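**Q** Take a look at run-v8.txt, compact mmCIF, C-alpha atoms and all ligand atoms:
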```txt
# COMPACT_ATOMS: atom_id res chain seq x y z
CA MET A 17 139.70 78.83 25.27
CA ASP A 18 136.40 77.66 23.82
CA THR A 19 133.97 80.55 23.27
CA ARG A 20 131.13 78.63 25.05
CA ILE A 21 133.22 78.34 28.23
CA TRP A 22 133.81 82.12 28.15
CA ILE A 23 130.09 82.82 27.81
CA GLY A 24 129.36 80.39 30.67
CA LEU A 25 131.91 82.11 32.95
CA VAL A 26 130.51 85.58 32.23
CA ALA A 27 126.97 84.34 33.00
CA LEU A 28 128.09 82.80 36.31
CA THR A 29 129.84 85.98 37.41
CA THR A 30 126.71 88.01 36.65
CA VAL A 31 124.49 85.65 38.70
CA ALA A 32 126.94 85.71 41.62
CA GLY A 33 127.04 89.52 41.48
CA THR A 34 123.26 89.74 41.60
CA PHE A 35 122.47 87.30 44.42
CA GLY A 36 125.68 86.89 46.35
CA THR A 37 127.36 89.11 48.92
CA GLY A 38 129.88 90.56 46.57
CA PRO A 39 132.12 93.57 47.02
CA GLY A 40 129.23 95.82 45.91
CA ASP A 41 127.35 95.10 49.18
CA ALA A 42 130.37 95.93 51.31
CA VAL A 43 130.49 99.39 49.75
CA SER A 44 126.82 100.12 50.52
CA SER A 45 127.12 99.06 54.21
CA ALA A 46 130.27 101.17 54.57
CA SER A 47 128.17 104.26 53.85
CA VAL A 48 126.12 103.71 57.09
CA GLU A 49 129.13 102.78 59.19
CA ILE A 50 129.22 104.17 62.76
CA ALA A 51 132.59 105.55 63.75
CA ASP A 52 134.08 103.73 66.72
CA THR A 53 134.35 107.08 68.53
CA GLU A 54 130.53 107.25 68.52
CA LEU A 55 129.88 103.78 69.94
CA GLY A 56 130.34 104.38 73.64
CA LEU A 57 129.91 107.15 76.20
CA SER A 58 133.60 108.05 76.27
CA LYS A 59 133.65 109.30 72.63
CA THR A 60 137.12 107.95 72.02
CA SER A 61 138.38 105.11 69.90
CA VAL A 62 137.64 101.62 71.21
CA GLU A 63 141.40 101.13 71.05
CA ASP A 64 141.94 103.82 73.72
CA VAL A 65 141.75 103.33 77.47
CA PRO A 66 140.43 106.78 78.49
CA ILE A 67 141.31 108.14 81.92
CA PRO A 68 138.14 109.40 83.65
CA ASP A 69 137.99 113.05 84.73
CA VAL A 70 139.06 113.60 88.29
CA PHE A 71 136.23 114.83 90.50
CA GLU A 72 135.89 115.66 94.16
CA TYR A 73 133.12 115.05 96.62
CA SER A 74 131.67 117.94 98.62
CA SER A 75 134.17 119.09 101.22
CA THR A 76 131.78 121.14 103.34
CA ASP A 77 131.30 120.29 107.01
CA PRO A 78 127.98 119.09 108.41
CA GLY A 79 126.00 122.07 109.62
CA SER A 80 127.12 124.47 106.90
CA ASN A 81 124.76 123.43 104.10
CA ASP A 82 121.18 123.85 102.99
CA ARG A 83 118.81 120.87 103.04
CA ALA A 84 119.07 118.40 100.17
CA GLU A 85 116.62 118.75 97.31
CA ARG A 86 114.58 115.54 96.85
CA SER A 87 115.11 113.80 93.52
CA TYR A 88 111.54 112.49 93.73
CA HIS A 89 108.98 111.53 96.39
CA THR A 90 110.40 108.67 98.57
CA ALA A 91 113.95 109.09 97.22
CA PRO A 92 116.70 108.91 99.84
CA PRO A 93 118.11 112.45 100.02
CA MET A 94 121.70 112.93 98.94
CA ILE A 95 124.20 113.68 101.70
CA THR A 96 124.77 117.43 101.75
CA HIS A 97 128.12 117.40 103.56
CA SER A 98 131.52 115.73 103.38
CA ILE A 99 131.64 112.18 104.73
CA GLN A 100 135.40 112.09 104.93
CA ASP A 101 136.55 109.99 107.93
CA MET A 102 132.95 108.76 108.44
CA VAL A 103 133.17 105.80 106.09
CA PRO A 104 133.34 102.90 105.93
CA ILE A 105 130.52 102.35 108.39
CA THR A 106 131.25 99.21 110.39
CA GLN A 107 129.51 97.24 113.12
CA ASP A 108 131.24 99.38 115.77
CA PHE A 109 131.63 102.68 113.93
CA ASN A 110 128.73 104.77 112.69
CA LEU A 111 129.10 108.53 113.07
CA CYS A 112 126.03 109.11 110.91
CA ARG A 113 123.94 107.47 113.59
CA ASP A 114 125.48 109.63 116.32
CA CYS A 115 124.29 112.82 114.64
CA HIS A 116 121.15 111.74 112.78
CA VAL A 117 119.41 109.12 114.89
CA GLN A 118 117.43 111.52 117.03
CA PRO A 119 113.90 110.18 117.36
CA ASP A 120 112.98 112.88 119.89
CA MET A 121 113.65 115.56 117.27
CA LEU A 122 111.03 114.16 114.88
CA GLY A 123 108.30 116.71 114.31
CA GLN A 124 110.40 119.53 115.80
CA PRO A 125 111.39 122.49 113.64
CA ILE A 126 114.81 121.88 112.07
CA GLU A 127 116.98 124.96 111.89
CA LYS A 128 119.95 125.36 109.61
CA GLY A 129 123.02 123.72 111.16
CA MET A 130 121.05 120.99 112.97
CA PRO A 131 121.34 117.37 111.84
CA VAL A 132 118.12 116.36 110.12
CA PRO A 133 116.68 113.52 112.25
CA ALA A 134 116.42 110.17 110.47
CA PRO A 135 112.70 109.78 109.64
CA VAL A 136 110.09 107.48 111.21
CA SER A 137 110.70 104.85 108.53
CA HIS A 138 114.20 104.27 109.97
CA TYR A 139 113.09 103.09 113.44
CA VAL A 140 111.67 99.82 114.68
CA GLU A 141 107.91 100.41 114.77
CA ASN A 142 106.64 102.11 117.96
CA THR A 143 110.17 102.34 119.41
CA LYS A 144 113.04 104.81 119.29
CA ASP A 145 115.50 102.13 118.13
CA LEU A 146 117.19 102.41 114.76
CA TYR A 147 116.05 99.52 112.59
CA MET A 148 119.21 97.55 111.78
CA GLY A 149 118.24 97.26 108.10
CA ARG A 150 119.05 101.01 108.00
CA TRP A 151 122.43 100.71 109.73
CA ASN A 152 124.49 101.06 106.57
CA CYS A 153 123.39 104.61 105.70
CA THR A 154 125.59 104.95 102.60
CA GLN A 155 123.84 101.95 101.03
CA CYS A 156 121.04 104.40 100.20
CA HIS A 157 122.36 107.91 100.88
CA ALA A 158 125.17 109.03 98.59
CA PRO A 159 127.58 111.93 98.87
CA GLN A 160 127.51 114.55 96.13
CA ALA A 161 130.14 115.62 93.62
CA ASP A 162 130.06 118.22 90.88
CA VAL A 163 130.38 116.01 87.81
CA LYS A 164 129.54 116.39 84.15
CA LEU A 165 126.59 114.24 83.09
CA LEU A 166 127.53 111.65 80.48
CA VAL A 167 123.91 111.35 79.42
CA ASP A 168 121.32 114.06 79.99
CA THR A 169 118.08 113.08 81.70
CA THR A 170 114.54 114.05 80.79
CA PHE A 171 113.19 112.79 84.13
CA THR A 172 110.87 115.19 85.95
CA LYS A 173 109.69 114.40 89.44
CA ASP A 174 106.12 114.35 90.70
CA GLN A 175 105.39 116.88 93.41
C1 LIG B 1 128.60 115.91 113.01
C2 LIG B 1 127.22 115.54 112.73
C3 LIG B 1 126.94 114.78 111.43
C4 LIG B 1 127.48 113.59 111.01
C5 LIG B 1 128.58 112.77 111.66
C6 LIG B 1 126.77 113.23 109.79
N1 LIG B 1 125.84 114.20 109.49
FE1 LIG B 1 124.56 114.17 107.92
N2 LIG B 1 123.96 116.08 108.35
C7 LIG B 1 124.36 116.80 109.46
C8 LIG B 1 123.79 118.14 109.40
C9 LIG B 1 124.00 119.26 110.41
C10 LIG B 1 123.01 118.18 108.20
C11 LIG B 1 122.22 119.41 107.67
C12 LIG B 1 122.70 119.88 106.32
C13 LIG B 1 124.18 120.20 106.26
O1 LIG B 1 124.64 121.14 106.95
O2 LIG B 1 124.92 119.51 105.51
C14 LIG B 1 123.14 116.87 107.58
C15 LIG B 1 122.51 116.49 106.39
C16 LIG B 1 122.46 115.18 105.95
C17 LIG B 1 121.57 114.69 104.91
C18 LIG B 1 120.56 115.54 104.13
C19 LIG B 1 119.23 115.49 104.83
C20 LIG B 1 118.22 116.42 104.26
O3 LIG B 1 117.01 116.12 104.39
O4 LIG B 1 118.56 117.47 103.72
C21 LIG B 1 121.79 113.37 104.78
C22 LIG B 1 121.10 112.40 103.84
C23 LIG B 1 122.84 113.01 105.70
N3 LIG B 1 123.22 114.14 106.40
C24 LIG B 1 123.35 111.74 105.86
C25 LIG B 1 124.48 111.45 106.61
C26 LIG B 1 125.22 110.21 106.54
C27 LIG B 1 124.84 109.02 105.66
C28 LIG B 1 126.26 110.30 107.41
C29 LIG B 1 127.36 109.32 107.66
C30 LIG B 1 128.16 108.92 106.50
C31 LIG B 1 126.16 111.61 108.06
N4 LIG B 1 125.08 112.28 107.52
C32 LIG B 1 126.99 112.06 109.07
C33 LIG B 1 125.15 116.33 110.49
C34 LIG B 1 125.91 115.17 110.46
C1 LIG B 2 117.47 101.14 102.80
C2 LIG B 2 117.77 102.50 102.41
C3 LIG B 2 118.15 103.49 103.49
C4 LIG B 2 119.10 103.33 104.49
C5 LIG B 2 120.01 102.14 104.76
C6 LIG B 2 119.09 104.58 105.23
N1 LIG B 2 118.17 105.44 104.68
FE1 LIG B 2 117.79 107.34 105.30
N2 LIG B 2 116.30 107.52 103.92
C7 LIG B 2 115.97 106.55 102.99
C8 LIG B 2 114.81 107.00 102.24
C9 LIG B 2 114.16 106.23 101.11
C10 LIG B 2 114.47 108.29 102.74
C11 LIG B 2 113.33 109.20 102.28
C12 LIG B 2 111.99 108.59 102.53
C13 LIG B 2 111.70 108.33 103.97
O1 LIG B 2 111.45 109.32 104.66
O2 LIG B 2 111.74 107.16 104.39
C14 LIG B 2 115.43 108.58 103.78
C15 LIG B 2 115.45 109.77 104.52
C16 LIG B 2 116.49 110.11 105.40
C17 LIG B 2 116.68 111.44 105.96
C18 LIG B 2 115.82 112.69 105.66
C19 LIG B 2 114.76 112.86 106.72
C20 LIG B 2 113.77 113.95 106.38
O3 LIG B 2 113.02 114.35 107.29
O4 LIG B 2 113.69 114.40 105.24
C21 LIG B 2 117.78 111.37 106.77
C22 LIG B 2 118.37 112.49 107.59
C23 LIG B 2 118.27 110.01 106.73
N3 LIG B 2 117.44 109.27 105.89
C24 LIG B 2 119.36 109.55 107.41
C25 LIG B 2 119.81 108.22 107.41
C26 LIG B 2 120.86 107.73 108.26
C27 LIG B 2 121.69 108.55 109.24
C28 LIG B 2 120.99 106.38 107.99
C29 LIG B 2 121.90 105.37 108.66
C30 LIG B 2 121.79 105.28 110.13
C31 LIG B 2 120.03 106.06 106.94
N4 LIG B 2 119.31 107.20 106.64
C32 LIG B 2 119.88 104.82 106.34
C33 LIG B 2 116.60 105.34 102.80
C34 LIG B 2 117.58 104.81 103.64
```
What is this file in structure tokens?
**A**
Amino acid sequence: MDTRIWIGLVALTTVAGTFGTGPGDAVSSASVEIADTELGLSKTSVEDVPIPDVFEYSSTDPGSNDRAERSYHTAPPMITHSIQDMVPITQDFNLCRDCHVQPDMLGQPIEKGMPVPAPVSHYVENTKDLYMGRWNCTQCHAPQADVKLLVDTTFTKDQ
């Protein structure tokens, strides 16, 4: 081959290596690669279909627990007891109401073992009727289970 063509080819390769996305670039990005086991919360390969840990909700009966700690001011308290056989709440079936909708108990001292009366906010104003927007208690109040946190929280509540 003609010497000038050789020189031309070498020059072209050098230019491409300098400005193009050649193999050299691939090597440098590989050094900051994130392993696929670090991408998600499950810490397994994206190829795996991990089976979540089995957990159980509280199995203690109503009346045998301490009051729920508030997560923050105005938060709906967690349900302290088992709600087995109490859900799903339907139009005709609401055991939560039977125990908790006790407007006459508002302001009375609540002893351990007594159902905490649903608060003033849950009744139609100036009446003792449960406001129907609060019918589906488990929409806001959730049962508790002892589970491992996937992500820790730094949240601290106001007093
Ligand atoms: C047989 C009566 C009974 C039934 C039915 C019942 N509860 Fe309770 N609930 C209690 C008692 C008693 C407590 C007091 C704490 C304890 O012993 O768990 C309580 C505590 C709670 C608390 C915590 C309140 C606080 O301030 O600490 C919430 C929230 C709650 N129940 C919601 C519900 C919901 C929602 C349902 C229906 C899925 C329900 N309860 C069904 C009796 C009952
Ligand atoms: C739309 C959301 C929502 C629904 C539905 C709801 N609650 Fe609540 N509940 C709250 C919030 C928020 C609080 C805490 C703030 C407050 O007092 O209003 C609360 C507080 C409570 C408390 C604690 C009272 C206290 O003195 O500390 C009880 C008991 C309770 N609810 C029972 C029930 C029951 C039983 C039902 C169903 C009949 C129900 N709630 C439906 C949001 C809800």
**Q** Of the residues A:Glu72, A:Asp82, A:Asp145, A:Glu54, which is the one nearest to A:Ile126, using only C-alpha atoms?
**A** A:Asp82
**Q** Which residues of chain A have any atom within 10 Å of an atom in ligand LIG 2 (chain B) when counting only C-alpha atoms and all ligand atoms, and what is the closest pair of atoms for each, with the distance in Å to one decimal? Order the rows by chain and rising number and write it as JSON lines.
**A**
```
{"residue": "A:Arg83", "atom": "CA", "partner": "B:LIG2", "partner_atom": "O4", "distance": 8.5}
{"residue": "A:Ala84", "atom": "CA", "partner": "B:LIG2", "partner_atom": "O4", "distance": 8.4}
{"residue": "A:Glu85", "atom": "CA", "partner": "B:LIG2", "partner_atom": "O4", "distance": 9.5}
{"residue": "A:Arg86", "atom": "CA", "partner": "B:LIG2", "partner_atom": "C11", "distance": 8.4}
{"residue": "A:Tyr88", "atom": "CA", "partner": "B:LIG2", "partner_atom": "C11", "distance": 9.3}
{"residue": "A:His89", "atom": "CA", "partner": "B:LIG2", "partner_atom": "C12", "distance": 7.4}
{"residue": "A:Thr90", "atom": "CA", "partner": "B:LIG2", "partner_atom": "C12", "distance": 4.3}
{"residue": "A:Ala91", "atom": "CA", "partner": "B:LIG2", "partner_atom": "C9", "distance": 4.8}
{"residue": "A:Pro92", "atom": "CA", "partner": "B:LIG2", "partner_atom": "C8", "distance": 3.6}
{"residue": "A:Pro93", "atom": "CA", "partner": "B:LIG2", "partner_atom": "C15", "distance": 5.9}
{"residue": "A:Met94", "atom": "CA", "partner": "B:LIG2", "partner_atom": "C17", "distance": 8.8}
{"residue": "A:Ile95", "atom": "CA", "partner": "B:LIG2", "partner_atom": "C22", "distance": 8.4}
{"residue": "A:Thr96", "atom": "CA", "partner": "B:LIG2", "partner_atom": "C22", "distance": 10.0}
{"residue": "A:Ile105", "atom": "CA", "partner": "B:LIG2", "partner_atom": "C29", "distance": 9.1}
{"residue": "A:Asn110", "atom": "CA", "partner": "B:LIG2", "partner_atom": "C30", "distance": 7.4}
{"residue": "A:Leu111", "atom": "CA", "partner": "B:LIG2", "partner_atom": "C27", "distance": 8.3}
{"residue": "A:Cys112", "atom": "CA", "partner": "B:LIG2", "partner_atom": "C27", "distance": 4.7}
{"residue": "A:Arg113", "atom": "CA", "partner": "B:LIG2", "partner_atom": "C30", "distance": 4.6}
{"residue": "A:Asp114", "atom": "CA", "partner": "B:LIG2", "partner_atom": "C27", "distance": 8.1}
{"residue": "A:Cys115", "atom": "CA", "partner": "B:LIG2", "partner_atom": "C27", "distance": 7.4}
{"residue": "A:His116", "atom": "CA", "partner": "B:LIG2", "partner_atom": "C27", "distance": 4.8}
{"residue": "A:Val117", "atom": "CA", "partner": "B:LIG2", "partner_atom": "C27", "distance": 6.1}
{"residue": "A:Gln118", "atom": "CA", "partner": "B:LIG2", "partner_atom": "C27", "distance": 9.4}
{"residue": "A:Leu122", "atom": "CA", "partner": "B:LIG2", "partner_atom": "O3", "distance": 7.8}
{"residue": "A:Gly123", "atom": "CA", "partner": "B:LIG2", "partner_atom": "O3", "distance": 8.8}
{"residue": "A:Ile126", "atom": "CA", "partner": "B:LIG2", "partner_atom": "O3", "distance": 9.1}
{"residue": "A:Pro131", "atom": "CA", "partner": "B:LIG2", "partner_atom": "C22", "distance": 7.1}
{"residue": "A:Val132", "atom": "CA", "partner": "B:LIG2", "partner_atom": "C22", "distance": 4.6}
{"residue": "A:Pro133", "atom": "CA", "partner": "B:LIG2", "partner_atom": "C22", "distance": 5.1}
{"residue": "A:Ala134", "atom": "CA", "partner": "B:LIG2", "partner_atom": "C21", "distance": 4.1}
{"residue": "A:Pro135", "atom": "CA", "partner": "B:LIG2", "partner_atom": "C19", "distance": 4.7}
{"residue": "A:Val136", "atom": "CA", "partner": "B:LIG2", "partner_atom": "O1", "distance": 6.9}
{"residue": "A:Ser137", "atom": "CA", "partner": "B:LIG2", "partner_atom": "O2", "distance": 4.9}
{"residue": "A:His138", "atom": "CA", "partner": "B:LIG2", "partner_atom": "FE1", "distance": 6.6}
{"residue": "A:Tyr139", "atom": "CA", "partner": "B:LIG2", "partner_atom": "C30", "distance": 9.6}
{"residue": "A:Leu146", "atom": "CA", "partner": "B:LIG2", "partner_atom": "C30", "distance": 7.1}
{"residue": "A:Tyr147", "atom": "CA", "partner": "B:LIG2", "partner_atom": "C30", "distance": 8.5}
{"residue": "A:Met148", "atom": "CA", "partner": "B:LIG2", "partner_atom": "C30", "distance": 8.3}
{"residue": "A:Gly149", "atom": "CA", "partner": "B:LIG2", "partner_atom": "C5", "distance": 6.2}
{"residue": "A:Arg150", "atom": "CA", "partner": "B:LIG2", "partner_atom": "C5", "distance": 3.6}
{"residue": "A:Trp151", "atom": "CA", "partner": "B:LIG2", "partner_atom": "C30", "distance": 4.6}
{"residue": "A:Asn152", "atom": "CA", "partner": "B:LIG2", "partner_atom": "C5", "distance": 5.0}
{"residue": "A:Cys153", "atom": "CA", "partner": "B:LIG2", "partner_atom": "C29", "distance": 3.4}
{"residue": "A:Thr154", "atom": "CA", "partner": "B:LIG2", "partner_atom": "C5", "distance": 6.6}
{"residue": "A:Gln155", "atom": "CA", "partner": "B:LIG2", "partner_atom": "C5", "distance": 5.3}
{"residue": "A:Cys156", "atom": "CA", "partner": "B:LIG2", "partner_atom": "C2", "distance": 4.4}
{"residue": "A:His157", "atom": "CA", "partner": "B:LIG2", "partner_atom": "N1", "distance": 6.2}
{"residue": "A:Ala158", "atom": "CA", "partner": "B:LIG2", "partner_atom": "N1", "distance": 9.9}
```
**Q** Counting all atoms listed in the file, what is within 12 Å of A:Gly56, bar same-chain residues fewer than 5 positions away, as a PyMOL selection string?
**A** chain A and resi 50-51+61-64+66+166-167
**Q** Which one is closest to ligand LIG 1 (chain B): A:Ala161, A:Val140, A:Ile99, A:Ile67? Count all atoms listed in the file.
**A**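 The answer is A:Ile99, which sits nearest to ligand LIG 1 (chain B).
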**Q** So how many Å separate atom CA of A:Gln124 and atom C13 of ligand LIG 1 (chain B), to one decimal?
**A** 16.8 Å
**Q** Kindly give the distance, in Å, that separates atom CA of A:Leu57 and atom CA of A:Phe171, rounded to a single decimal.
**A**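 One can read the atom CA of A:Leu57 to atom CA of A:Phe171 distance as 19.3 Å.
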**Q** Which one is closest to ligand LIG 1 (chain B): A:Val48, A:Leu55, A:Val70, A:Met130? Count all atoms listed in the file.
**A**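 Of A:Val48, A:Leu55, A:Val70, A:Met130, the one nearest ligand LIG 1 (chain B), counting all atoms listed in the file, is A:Met130.
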**Q** If I take atom CA of A:Leu165 and atom C5 of ligand LIG 1 (chain B), how far is one from the other in Å, to one decimal?
**A** 28.7 Å
**Q** Of the candidates A:Glu49, A:Asp101, A:Asp162, A:Asp69, which shows the shortest atom-to-atom distance to ligand LIG 1 (chain B), using only C-alpha atoms and all ligand atoms?
**A**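 Among the listed residues, the smallest separation from ligand LIG 1 (chain B) belongs to A:Asp101.
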**Q** Put the listed atoms of ligand LIG 1 (chain B) in a box along x, y and z with 8 Å added on every side and give me the centre and edge lengths in Å to one decimal, as lines of an AutoDock Vina configuration file.
**A**
```
center_x = 122.8
center_y = 115.0
center_z = 108.4
size_x = 27.6
size_y = 28.2
size_z = 25.3
```
**Q** Considering all atoms listed in the file, state which residue in the set A:Asn142, A:Thr53, A:Thr60, A:Gln160 is at the smallest distance from ligand LIG 1 (chain B).
**A**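 Of the candidates, the smallest distance to ligand LIG 1 (chain B) is held by A:Gln160.
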**Q** Identify which of the residues A:Ser80, A:Ser74, A:Ser98, A:Thr106 lies closest to A:Val163, counting all atoms listed in the file when measuring atom-to-atom distances.
**A** A:Ser74
